[in-house]
Amino acid sequence: MGNVGATEVPVLLSPEGLRIDGRRLDELRPIRIEAGALHQADGSAFVEWGANKVMAAVYGPREVHPRHLQQNNKAVIQCKYNMAAFSVDERKRPGLDRRSQEISKVIAEAFESVVFAEEFPRTSIDIYIEVLQANAGTRCAGLVAASVALADAGIPMVDLLPAVAVGKIAGKIALDLKKEEDNFGEADLPMALVPQSGRLVLLQMEGHMTPDELAASLDLGVRGCREIYEKMKAALRERYAATVPSGGTP
Amino acid sequence: MGNVGATEVPVLLSPEGLRIDGRRLDELRPIRIEAGALHQADGSAFVEWGANKVMAAVYGPREVHPRHLQQNNKAVIQCKYNMAAFSVDERKRPGLDRRSQEISKVIAEAFESVVFAEEFPRTSIDIYIEVLQANAGTRCAGLVAASVALADAGIPMVDLLPAVAVGKIAGKIALDLKKEEDNFGEADLPMALVPQSGRLVLLQMEGHMTPDELAASLDLGVRGCREIYEKMKAALRERYAATVPSGGTP
Amino acid sequence: MGNVGATEVPVLLSPEGLRIDGRRLDELRPIRIEAGALHQADGSAFVEWGANKVMAAVYGPREVHPRHLQQNNKAVIQCKYNMAAFSVDERKRPGLDRRSQEISKVIAEAFESVVFAEEFPRTSIDIYIEVLQANAGTRCAGLVAASVALADAGIPMVDLLPAVAVGKIAGKIALDLKKEEDNFGEADLPMALVPQSGRLVLLQMEGHMTPDELAASLDLGVRGCREIYEKMKAALRERYAATVPSGGTP
Amino acid sequence: MSEEVTAEILMTHILDLAAEGKRMDGRGPDEYRAVSVEPGFVATADGSALARVGNTTVLAGIKLEPGKPFPDTPNAGVLTTNAELIPLSSPTFEPGPPQPGAIEVSRVVDRAIRAADTLDLTRLVVTPGEKTWVCYVDMHVLDHAGNLIDAASLAALTALSHATVPAKRFEVGDADYPLEVQHYPVECTFVRLGDTIVVDPTFEEEQAAQGRLTVATDENGRIVAMQKGLVGAFSPDDVKEVVRRALVHGDRLRAIAKGGPR
Amino acid sequence: MSEEVTAEILMTHILDLAAEGKRMDGRGPDEYRAVSVEPGFVATADGSALARVGNTTVLAGIKLEPGKPFPDTPNAGVLTTNAELIPLSSPTFEPGPPQPGAIEVSRVVDRAIRAADTLDLTRLVVTPGEKTWVCYVDMHVLDHAGNLIDAASLAALTALSHATVPAKRFEVGDADYPLEVQHYPVECTFVRLGDTIVVDPTFEEEQAAQGRLTVATDENGRIVAMQKGLVGAFSPDDVKEVVRRALVHGDRLRAIAKGGPR
Amino acid sequence: MSEEVTAEILMTHILDLAAEGKRMDGRGPDEYRAVSVEPGFVATADGSALARVGNTTVLAGIKLEPGKPFPDTPNAGVLTTNAELIPLSSPTFEPGPPQPGAIEVSRVVDRAIRAADTLDLTRLVVTPGEKTWVCYVDMHVLDHAGNLIDAASLAALTALSHATVPAKRFEVGDADYPLEVQHYPVECTFVRLGDTIVVDPTFEEEQAAQGRLTVATDENGRIVAMQKGLVGAFSPDDVKEVVRRALVHGDRLRAIAKGGPR
């Protein structure tokens, strides 16, 4: 979709209905989630998702910086999504660009919708997401990593936030686009789900879709989120198993 | 040393062992130090050292700005080393670059090592160094100027901080490099000494040296610093002589 | 005057003494002033003056931001003059440039000279001027708009501040230059008058003038300001008429 | 009474009204405020429009300049969209670098313009890989009474569809010519107030909202962009309902954007 | 006693003295402080001068580099003036981006240099539209004891009139040659203290001032630039008086700027 | 107990231990933490390595792009080193422009790479004065448990020595080829705790330190860079001792950096 004026368009869907990496339309890329990947952060997680590598860390509740953002009745939730200079094919200049600032904003708003911020007035909960290697879907990978990192930090939340992008390639709705699919596809629709309520706290879309395609995309995305949800819970169980002394009482 | 790919290399050492300006290997360039060169600053000094011209001013102890840097148990010591746009052959864009920020940091840390900062809690001692004309060794010239300016401001210190760079030219260890020697020499090693304790509070190095050459450089640098120390004290004596009414009681 | 090295110079004055838009030397361009043009601001005004379109808004007295600018004995008066990217022929990069910052400073100082700031200690009165379409004389148009906006906001002042630029074209002193006259004229002299005292609170000049020409320019400018003053008062009367219920007692 | 308490009471009032299907300004949940556009507002721009949605006012200006294509898209012109939330327009905006809110407005408007292929970017190219028109869309918020995205989108679309390519001025051609617009995307924004989803929120409704959802549609009934914003959530069914309503409002808004005199 | 009270007392004292035609440093209202210039202070610059007005010290340095003319003035060289109010020079200056005060100093000095046609910019051009000398004037305030504009203007003019075009170093010509100065504009600054208007204000007089007025004149008795600054007002008659006095001081200051050894 | 008091007690404890030649994590004064490097960690980079020194983790990524040589060195390629102390890695880092600490890390690592002639910059040139490879070394600190300089230096050296020049992708040649590394400089850092000088300090030891000293050595036993940091002092004899120890550690660290699979 960012490729007006580019020349070669790859075949995104085989006659058998398989995608360039052999996946079915409703199939996720492989995901590996490691809770507690860092030592300094209050909570952290590392996510490998297809060819994405994303690290998230959470600090807080802690003193608000800068001070004038402090709120008397709740914690402020701040998020910085950042891409490493070497995470993409063309080197990205270090520093926050407009895309990163927008993604940081919608991710912060997604977490504000589920964190019990009023339990920590006058504090800040700071979420840092670093994309180390990017291959489409980094904001969803970042959300998943950050959500596990928040849980790892013991921040009380309504629920974890699984996230995934649905897209349209060669006229078909497809789950979890990889880079070539995102570049040459017709639409991209990232979302984040609160599994408990079935509601979406992040939703963006760019491309071309009919209302029916959009409805089908939402349904496919929700199913994808529920699949990811299980992997997130498993990663946290593994983390707790590693930290609680075996055979001891809680 | 910043001249990979450059073409002409001058002869840095004559057959008689003399340098391009006729100095011996262990000889300093001429130094003139004027304490109290400015009127607004609490303390100041102007240093001409070879073809360097450096002005330093000290303000404080005074209110800390920005406020969040304030320390309850001591003064913060802040340093800004800056080069005027016209101080070098190729015009330098105004504003702090990374080199200036690094030099500001190591100079601030050098002075923090000798100032009795705990006598002035919750205040700031601000050191400003302006390089007006540069010809290698500006950080050492800045340190010497700032040290005299601190004394001129009446800030209590363990001792003055003489400073000098030692380098390696045409395979020999040499004191106080000038620009051509620095550009085409093999190593540069600036240092600042606490004469009282014989310890170094600033030490950097770039180039190629064997451990033996390094040891010899340290010894030569310490001797150079002690020579400069005498000139610093003389400048302050001259300053006090000018301000105390002649023949009066202190 | 910003046209060293440019080629074509238009004829600025006809043999009959008329200017390129048919005006006499002492004639203003048409002016339309609308007080209360915006809804969110505490006071506002829109000024169309020749081919200039300028919006001004006033907020305050309100909390000072940033806090360290707060004054214990009076309100601080802050002004931001800004040009929209599309307000000039060559697109202007968004953001404050040096010209805008200088104009903001002299306008703020002009209003500080007439606002009863001591009535509102520890507060800020914030003036925002946006040039939407520019055709010479924008700082004067901005001053006029801001002055009406301040009155609309109910800020007590010694007097309104009419403003106009006088210039020199084809060797003659002329009132209220338009763009071509400003570009190819010999001098530009913007001023703002306190009608009550007959004193100038803004005065700048660039170009070539003899002392006699300067004296004549001042006199012409003061007359121009008094003409604009009447239009400013009329705009405010219209605004009050629109807001006070007709036939009611104040 | 503190500002916080006042704000709290106002928000509760808005939510209570919404529960009965009412709004503070008397509108129904699916009622848009009065909308108008004034193309050609700024003579120095190559295209411009002042859009009003209730008391919200946004001025968009277009500037076209010759420049270089990006290295990876030698056959495409360059489109740059920028929104300025200048402090003139609201007591809540501060001077300084663009805030996340301004960046979101410009990116959401940009996304719809781009995804809808509003301009045929290949036609902006003068010499492939060498020279192209760069099209700047600058949106200046003048009065912020809620729903900036829709007002900015209307101003931008109207300005683009009335813009001229200044070929003569830049000596790229013999005469200026109209910029061709292929599609007409418009944004339509909703907020959730309890169980009620209302269109075209006021500033106060945005403060009270439990989620904002914007849907951009084109004249073929396609969805070209969406953006959920603010704290809050929407169910998939909410989203589907919002899309249906956005398509209806979109057609009316598009007619207004197109209707201005050329 | 608080700082504010001390400042208040000092300001009242200055105004009381002025009412009797006196000043704290013993000068009369139309008496300038001692002025000196030292050209060639900085060997690395293509031109430089240290100017002192009383205890106020400003160092100006000139650098010339080959560059491109602006697209709209292909036949004119480029002149860039910049003032740095570095925190070394005054307890009132802070590190960081240029403050409005610094910008005003550089713009007022720039305005006079430009309006007086100090340099013939067309002669800086090497190849029209392609290559020109870019002349940087950097003014570094070292000691701020009031009246920065005049000191900066003196330093800049002296540095320009002793500058060399480094044609050989940049391989633009066979030999370096002197930069030609056509006119000699100097700024002269006054402040109003009650009904008295005094020339060349000290830092403290600027604090107490009810308006500042700067007039730049050239060697032909023309006014080339003016700037009213600070809070306060001047009547048209005040302005005319200030212009008369500025012409007289201007001639003397110009002689000092020109007098330095070449 | 306040944070300050806690910190004070911890620092005293560290100094007391050091006086007996002990450390909080059980190491001896000249004992380095476990070190590992993982080259090729990032597939999008032209070279990369994750380095761990104890719990300190730094990721270095190399990118090579065609660009222009600097005008004064037409026959040399361009090397740019940048360290990002992102707030993810430590509670003490804040978002925003690079802090002095980050600048120091990148400059000290850069100095060693440059002084050791790690790369033959002349071989990066494609056309002298016209076109060269620009080599970016970006170091991303992920976990800051002390001694960033050594970890960053190890990550950078390993990434460089496993990097590929993307000649084919940028159509500069027919095939990509390995970036050639001529020398292997590694940094080794010490802090003084009272009279004891310990190698490879933890974060807490850096807080308690009375001076930090870094020595970079190459595989020929030469010293190529040094940096004294933090408040504190070293005698010339201290420095000589530190150099001796740095040479020994350097050989071991170099073997680790070289040892990763290619």
# chains A, B, ... in the order shown; residues from 1 in each chain; ligands from 1
call {"tool": "residues_around", "arguments": {"residues": "Lys92 (chain C)", "least_positions_apart": "6", "cutoff": "10 Å", "atoms": "only C-alpha atoms", "output": "list of chain:residue names"}}
result
C:Met83, C:Ala84, C:Ala85, C:Phe86, D:Lys63
call {"tool": "residues_around", "arguments": {"residues": "Ala187 (chain B)", "least_positions_apart": "5", "cutoff": "8 Å", "atoms": "only C-alpha atoms", "output": "VMD selection string"}}
result
chain B and resid 1 167 to 169 182 205 to 209
call {"tool": "write_last_selection", "arguments": {"atoms": "N, CA, C and O atoms", "output": "short mmCIF file (atom, residue, chain, number, x, y, z; two decimals), in the first residue's frame"}}
result
data_model
loop_
_atom_site.label_atom_id
_atom_site.label_comp_id
_atom_site.auth_asym_id
_atom_site.auth_seq_id
_atom_site.Cartn_x
_atom_site.Cartn_y
_atom_site.Cartn_z
N MET B 1 45.26 12.64 13.09
CA MET B 1 44.55 11.41 13.36
C MET B 1 43.15 11.42 12.75
O MET B 1 42.58 10.39 12.52
N GLY B 167 51.41 13.89 23.22
CA GLY B 167 51.09 13.16 22.00
C GLY B 167 52.27 12.39 21.48
O GLY B 167 53.34 12.35 22.11
N LYS B 168 52.06 11.78 20.35
CA LYS B 168 53.16 11.02 19.73
C LYS B 168 53.28 11.51 18.29
O LYS B 168 52.29 11.50 17.55
N ILE B 169 54.45 12.02 17.96
CA ILE B 169 54.67 12.50 16.60
C ILE B 169 55.94 11.89 16.05
O ILE B 169 56.96 11.83 16.74
N ASP B 182 48.79 17.44 15.92
CA ASP B 182 47.61 16.68 16.32
C ASP B 182 47.01 15.98 15.10
O ASP B 182 46.65 14.80 15.15
N MET B 205 42.55 9.40 25.66
CA MET B 205 43.62 9.04 24.74
C MET B 205 43.02 8.50 23.47
O MET B 205 41.97 7.86 23.49
N GLU B 206 43.68 8.80 22.37
CA GLU B 206 43.28 8.26 21.08
C GLU B 206 44.55 8.11 20.24
O GLU B 206 45.36 9.03 20.19
N GLY B 207 44.70 6.96 19.62
CA GLY B 207 45.87 6.78 18.76
C GLY B 207 46.46 5.41 18.94
O GLY B 207 45.74 4.43 19.14
N HIS B 208 47.77 5.33 18.85
CA HIS B 208 48.51 4.07 19.01
C HIS B 208 49.65 4.31 19.97
O HIS B 208 50.52 5.14 19.70
N MET B 209 49.68 3.56 21.04
CA MET B 209 50.83 3.66 21.95
C MET B 209 51.10 2.29 22.54
O MET B 209 50.17 1.53 22.82
#
call {"tool": "closest_atom_pairs", "arguments": {"of": "chain C", "to": "chain D", "cutoff": "9 Å", "atoms": "only C-alpha atoms", "output": "CSV"}}
result
residue,atom,partner,partner_atom,distance
C:Leu38,CA,D:Asp143,CA,6.2
C:His39,CA,D:Asp143,CA,6.6
C:Gln40,CA,D:Ser90,CA,5.6
C:Ala41,CA,D:Ser90,CA,6.6
C:Asp42,CA,D:Pro91,CA,8.9
C:Ala51,CA,D:Ala43,CA,8.3
C:Lys53,CA,D:Val42,CA,8.2
C:Met55,CA,D:Leu142,CA,8.5
C:Ala56,CA,D:Leu88,CA,7.3
C:Ala57,CA,D:Leu88,CA,5.5
C:Val58,CA,D:Leu88,CA,7.5
C:Tyr59,CA,D:Pro91,CA,7.1
C:His65,CA,D:Glu94,CA,8.6
C:Lys80,CA,D:Pro95,CA,8.4
C:Ala84,CA,D:His140,CA,7.5
C:Ala85,CA,D:Asp138,CA,6.9
C:Phe86,CA,D:Ala45,CA,5.1
C:Ser87,CA,D:Thr44,CA,5.6
C:Val88,CA,D:Thr44,CA,5.5
C:Asp89,CA,D:Thr44,CA,5.6
C:Glu90,CA,D:Lys63,CA,8.4
C:Arg91,CA,D:Lys63,CA,6.5
C:Pro94,CA,D:Glu84,CA,8.5
C:Gly95,CA,D:Pro97,CA,8.1
C:Ile127,CA,D:Leu88,CA,8.0
C:Tyr128,CA,D:Leu88,CA,5.4
C:Ile129,CA,D:Leu88,CA,7.5
C:Glu130,CA,D:Leu88,CA,7.8
C:Leu132,CA,D:Val42,CA,7.0
C:Gln133,CA,D:Val42,CA,5.9
C:Ala134,CA,D:Thr44,CA,7.6
call {"tool": "closest_residue", "arguments": {"among": "D:Gln210, D:Asp72, D:Glu4, D:Thr122", "to": "chain F", "atoms": "only C-alpha atoms"}}
result
D:Asp72
call {"tool": "closest_residue", "arguments": {"among": "B:Phe111, B:Glu230, B:Arg19, B:Ala136", "to": "Asn183 (chain B)", "atoms": "only C-alpha atoms"}}
result
B:Ala136
call {"tool": "calpha_fit_and_write", "arguments": {"fixed": "chain B", "moving": "chain C", "output": "compact mmCIF listing (two decimals) with C-alpha atoms, in the first residue's frame"}}
result
# COMPACT_ATOMS: atom_id res chain seq x y z
CA MET C 1 44.58 11.41 13.42
CA GLY C 2 41.39 12.63 11.79
CA ASN C 3 43.10 12.48 8.43
CA VAL C 4 42.51 9.09 6.87
CA GLY C 5 42.49 9.61 3.14
CA ALA C 6 44.24 13.01 3.24
CA THR C 7 47.31 13.38 1.09
CA GLU C 8 50.13 15.66 2.27
CA VAL C 9 51.86 14.77 5.53
CA PRO C 10 54.24 17.44 6.86
CA VAL C 11 57.63 16.64 8.44
CA LEU C 12 56.84 16.86 12.14
CA LEU C 13 60.34 16.39 13.54
CA SER C 14 63.59 17.77 12.15
CA PRO C 15 66.79 15.71 12.09
CA GLU C 16 67.89 17.83 15.08
CA GLY C 17 64.82 16.68 17.02
CA LEU C 18 63.03 20.00 16.77
CA ARG C 19 59.32 20.39 16.02
CA ILE C 20 57.70 22.42 13.24
CA ASP C 21 57.58 25.51 15.47
CA GLY C 22 61.12 24.95 16.71
CA ARG C 23 60.15 23.51 20.09
CA ARG C 24 61.89 20.62 21.83
CA LEU C 25 59.82 17.48 22.48
CA ASP C 26 59.25 18.41 26.13
CA GLU C 27 58.56 22.09 25.57
CA LEU C 28 55.24 23.87 26.08
CA ARG C 29 53.87 26.52 23.75
CA PRO C 30 53.80 30.05 25.22
CA ILE C 31 50.96 30.59 27.68
CA ARG C 32 49.38 33.80 28.90
CA ILE C 33 46.69 33.65 31.58
CA GLU C 34 44.56 36.61 32.60
CA ALA C 35 42.41 36.13 35.67
CA GLY C 36 39.28 38.30 35.95
CA ALA C 37 38.97 39.09 32.26
CA LEU C 38 35.20 39.70 32.37
CA HIS C 39 32.95 41.97 34.41
CA GLN C 40 29.57 40.21 34.65
CA ALA C 41 30.81 36.77 35.65
CA ASP C 42 31.50 35.85 39.28
CA GLY C 43 34.91 34.62 38.14
CA SER C 44 36.61 34.56 34.78
CA ALA C 45 39.86 33.99 32.96
CA PHE C 46 41.24 34.41 29.46
CA VAL C 47 43.94 32.04 28.24
CA GLU C 48 46.13 32.44 25.18
CA TRP C 49 48.07 29.25 24.71
CA GLY C 50 49.98 28.94 21.47
CA ALA C 51 47.41 29.88 18.88
CA ASN C 52 44.48 29.03 21.16
CA LYS C 53 42.30 31.77 22.65
CA VAL C 54 39.88 30.57 25.29
CA MET C 55 37.59 32.48 27.66
CA ALA C 56 36.07 30.93 30.76
CA ALA C 57 33.46 32.29 33.14
CA VAL C 58 32.02 30.94 36.37
CA TYR C 59 28.65 31.80 37.90
CA GLY C 60 27.63 30.57 41.31
CA PRO C 61 26.94 29.15 43.70
CA ARG C 62 23.49 30.17 42.48
CA GLU C 63 19.97 28.79 41.99
CA VAL C 64 19.91 25.56 39.98
CA HIS C 65 18.43 25.75 36.51
CA PRO C 66 16.71 23.52 35.44
CA ARG C 67 15.34 22.94 38.93
CA HIS C 68 15.05 19.16 38.80
CA LEU C 69 18.87 18.89 38.75
CA GLN C 70 19.10 20.36 42.28
CA GLN C 71 20.85 18.15 44.84
CA ASN C 72 20.05 18.28 48.52
CA ASN C 73 23.53 17.56 49.81
CA LYS C 74 25.82 19.44 47.44
CA ALA C 75 26.18 21.88 44.61
CA VAL C 76 25.76 20.57 41.07
CA ILE C 77 28.64 21.48 38.82
CA GLN C 78 27.61 22.18 35.26
CA CYS C 79 29.96 22.85 32.39
CA LYS C 80 29.36 24.03 28.85
CA TYR C 81 32.34 23.89 26.51
CA ASN C 82 31.53 25.64 23.24
CA MET C 83 33.45 26.59 20.11
CA ALA C 84 32.71 29.85 18.32
CA ALA C 85 31.68 29.38 14.69
CA PHE C 86 34.79 31.23 13.53
CA SER C 87 37.26 29.53 15.88
CA VAL C 88 38.29 26.90 13.35
CA ASP C 89 39.30 26.87 9.71
CA GLU C 90 36.05 25.39 8.41
CA ARG C 91 33.19 27.38 9.96
CA LYS C 92 31.53 25.37 12.72
CA ARG C 93 27.73 25.45 12.84
CA PRO C 94 26.64 27.16 16.08
CA GLY C 95 25.27 24.87 18.77
CA LEU C 96 26.49 21.97 20.86
CA ASP C 97 27.76 19.00 18.90
CA ARG C 98 28.58 15.60 20.32
CA ARG C 99 32.27 16.39 20.74
CA SER C 100 31.45 19.51 22.78
CA GLN C 101 29.01 17.57 24.93
CA GLU C 102 31.54 14.86 25.68
CA ILE C 103 34.22 17.43 26.56
CA SER C 104 31.73 19.33 28.75
CA LYS C 105 31.02 16.09 30.61
CA VAL C 106 34.62 15.10 31.32
CA ILE C 107 35.54 18.65 32.36
CA ALA C 108 32.57 18.86 34.72
CA GLU C 109 33.58 15.51 36.25
CA ALA C 110 37.17 16.73 36.64
CA PHE C 111 36.04 19.78 38.62
CA GLU C 112 33.51 17.76 40.64
CA SER C 113 36.55 15.79 41.81
CA VAL C 114 38.18 18.87 43.42
CA VAL C 115 35.47 21.42 44.29
CA PHE C 116 34.07 21.29 47.85
CA ALA C 117 30.56 21.00 46.45
CA GLU C 118 29.03 19.86 49.73
CA GLU C 119 29.58 23.34 51.15
CA PHE C 120 26.87 24.69 48.85
CA PRO C 121 23.87 22.31 48.90
CA ARG C 122 20.96 23.05 46.55
CA THR C 123 23.01 25.39 44.38
CA SER C 124 24.65 25.28 40.99
CA ILE C 125 28.19 26.20 40.03
CA ASP C 126 28.13 26.92 36.30
CA ILE C 127 31.28 26.86 34.22
CA TYR C 128 31.24 28.26 30.69
CA ILE C 129 34.17 27.76 28.34
CA GLU C 130 34.22 29.55 24.99
CA VAL C 131 36.88 28.65 22.47
CA LEU C 132 37.39 31.77 20.37
CA GLN C 133 40.38 30.55 18.36
CA ALA C 134 41.39 26.90 18.23
CA ASN C 135 44.72 25.22 17.55
CA ALA C 136 44.73 21.80 19.29
CA GLY C 137 44.59 21.40 23.04
CA THR C 138 41.47 23.51 23.53
CA ARG C 139 40.01 21.23 26.20
CA CYS C 140 43.20 21.63 28.26
CA ALA C 141 43.26 25.38 27.68
CA GLY C 142 39.60 25.46 28.68
CA LEU C 143 40.30 23.48 31.86
CA VAL C 144 43.12 25.84 32.82
CA ALA C 145 40.95 28.90 32.13
CA ALA C 146 37.99 27.43 34.01
CA SER C 147 40.17 26.48 36.96
CA VAL C 148 41.51 30.02 37.29
CA ALA C 149 37.97 31.38 36.84
CA LEU C 150 36.73 29.15 39.68
CA ALA C 151 39.51 30.47 41.93
CA ASP C 152 38.67 34.01 40.81
CA ALA C 153 35.06 33.35 41.82
CA GLY C 154 36.23 32.25 45.27
CA ILE C 155 34.94 28.68 44.92
CA PRO C 156 36.77 26.48 47.45
CA MET C 157 38.72 23.65 45.81
CA VAL C 158 41.29 21.05 46.82
CA ASP C 159 43.68 22.58 44.29
CA LEU C 160 43.91 24.23 40.90
CA LEU C 161 43.72 21.89 37.89
CA PRO C 162 46.56 22.33 35.40
CA ALA C 163 46.06 20.38 32.19
CA VAL C 164 48.03 19.53 29.09
CA ALA C 165 48.00 17.06 26.21
CA VAL C 166 50.87 14.74 25.43
CA GLY C 167 51.10 13.16 22.01
CA LYS C 168 53.15 11.02 19.73
CA ILE C 169 54.67 12.51 16.61
CA ALA C 170 57.04 10.77 14.23
CA GLY C 171 57.27 7.97 16.78
CA LYS C 172 58.33 10.23 19.67
CA ILE C 173 56.42 11.33 22.77
CA ALA C 174 55.92 15.10 22.67
CA LEU C 175 54.39 17.64 25.02
CA ASP C 176 51.54 20.00 24.09
CA LEU C 177 50.74 19.27 20.41
CA LYS C 178 49.79 22.07 18.05
CA LYS C 179 47.30 21.60 15.25
CA GLU C 180 49.50 20.05 12.54
CA GLU C 181 51.05 17.72 15.12
CA ASP C 182 47.62 16.67 16.33
CA ASN C 183 46.30 16.16 12.78
CA PHE C 184 49.23 14.11 11.54
CA GLY C 185 50.55 12.62 14.78
CA GLU C 186 50.00 9.10 16.01
CA ALA C 187 48.40 9.72 19.39
CA ASP C 188 46.89 12.39 21.60
CA LEU C 189 46.55 12.10 25.37
CA PRO C 190 45.02 15.05 27.26
CA MET C 191 45.16 15.03 31.04
CA ALA C 192 44.43 17.21 34.06
CA LEU C 193 46.37 16.90 37.30
CA VAL C 194 45.62 17.61 40.95
CA PRO C 195 49.13 18.85 41.87
CA GLN C 196 48.60 18.35 45.60
CA SER C 197 47.81 14.61 45.28
CA GLY C 198 49.59 13.86 42.03
CA ARG C 199 46.42 12.26 40.67
CA LEU C 200 44.73 12.70 37.33
CA VAL C 201 41.08 13.78 37.18
CA LEU C 202 40.88 13.98 33.40
CA LEU C 203 42.49 11.47 31.11
CA GLN C 204 41.64 10.61 27.54
CA MET C 205 43.62 9.02 24.77
CA GLU C 206 43.28 8.26 21.09
CA GLY C 207 45.86 6.77 18.77
CA HIS C 208 48.50 4.07 19.02
CA MET C 209 50.83 3.64 21.98
CA THR C 210 52.72 0.80 23.55
CA PRO C 211 52.38 0.45 27.31
CA ASP C 212 55.91 1.88 27.70
CA GLU C 213 55.08 4.89 25.55
CA LEU C 214 51.97 5.42 27.57
CA ALA C 215 53.93 5.33 30.83
CA ALA C 216 56.42 7.85 29.45
CA SER C 217 53.56 10.07 28.27
CA LEU C 218 51.99 10.13 31.71
CA ASP C 219 55.29 11.18 33.28
CA LEU C 220 55.90 13.90 30.69
CA GLY C 221 52.34 15.17 31.04
CA VAL C 222 52.59 15.40 34.82
CA ARG C 223 55.78 17.48 34.48
CA GLY C 224 54.02 19.73 31.92
CA CYS C 225 51.05 20.17 34.25
CA ARG C 226 53.35 21.25 37.09
CA GLU C 227 54.91 23.88 34.84
CA ILE C 228 51.47 25.23 33.91
CA TYR C 229 50.45 25.16 37.57
CA GLU C 230 53.10 27.81 38.32
CA LYS C 231 51.72 30.07 35.60
CA MET C 232 48.18 29.65 36.94
CA LYS C 233 49.25 30.65 40.43
CA ALA C 234 51.16 33.64 39.05
CA ALA C 235 48.07 34.81 37.16
CA LEU C 236 45.99 34.64 40.34
CA ARG C 237 48.65 36.47 42.37
CA GLU C 238 48.59 39.22 39.77
CA ARG C 239 44.81 39.37 39.96
CA TYR C 240 44.80 39.61 43.75
CA ALA C 241 47.56 42.24 43.65
CA ALA C 242 45.38 44.29 41.34
CA THR C 243 42.31 44.06 43.56
CA VAL C 244 43.77 44.31 47.11
CA PRO C 245 44.66 47.94 47.92
CA SER C 246 48.46 48.18 47.92
CA GLY C 247 49.98 48.49 51.39
CA GLY C 248 46.66 47.74 53.08
CA THR C 249 46.00 44.92 55.48
CA PRO C 250 44.00 42.02 53.99
call {"tool": "select_by_dssp", "arguments": {"residues": "region 1-239 of chain B", "states": "strand (DSSP E)", "output": "VMD selection string"}}
result
chain B and resid 31 to 35 43 to 49 52 to 63 76 to 83 123 to 133 163 to 169 172 to 175 187 to 194 199 to 209
call {"tool": "select_by_dssp", "arguments": {"residues": "region 121-173 of chain D", "states": "alpha helix (DSSP H)", "output": "VMD selection string"}}
result
chain D and resid 148 to 161
call {"tool": "residues_around", "arguments": {"residues": "Gly129 (chain D)", "least_positions_apart": "2", "cutoff": "12 Å", "atoms": "only C-alpha atoms", "output": "list in words"}}
result
Gly5 and Ala6 of chain A; Gly67, Lys68, Pro69, Phe70, Pro71, Asp72, Thr73, Pro74, Asn75, Ala76, Gly77, Val78, Thr122, Leu124, Val125, Val126, Thr127, Lys131, Thr132 and Trp133 of chain D
call {"tool": "residues_around", "arguments": {"residues": "Leu157 (chain E)", "least_positions_apart": "4", "cutoff": "8 Å", "atoms": "only C-alpha atoms", "output": "JSON, numbers by chain"}}
result
{"E": [113, 153, 161, 184, 185, 186, 257]}
call {"tool": "write_last_selection", "arguments": {"atoms": "C-alpha atoms", "output": "short mmCIF file (atom, residue, chain, number, x, y, z; two decimals), in the first residue's frame"}}
result
data_model
loop_
_atom_site.label_atom_id
_atom_site.label_comp_id
_atom_site.auth_asym_id
_atom_site.auth_seq_id
_atom_site.Cartn_x
_atom_site.Cartn_y
_atom_site.Cartn_z
CA ILE E 113 24.15 46.10 7.26
CA SER E 153 27.11 46.51 15.28
CA SER E 161 35.80 46.14 6.83
CA TYR E 184 29.56 52.13 7.07
CA PRO E 185 26.30 51.84 9.01
CA VAL E 186 26.47 52.12 12.80
CA ALA E 257 35.26 51.43 13.40
#
call {"tool": "atom_distance", "arguments": {"atom1": "CA of Ser235 (chain E)", "atom2": "CA of Ile223 (chain E)"}}
result
17.9 Å
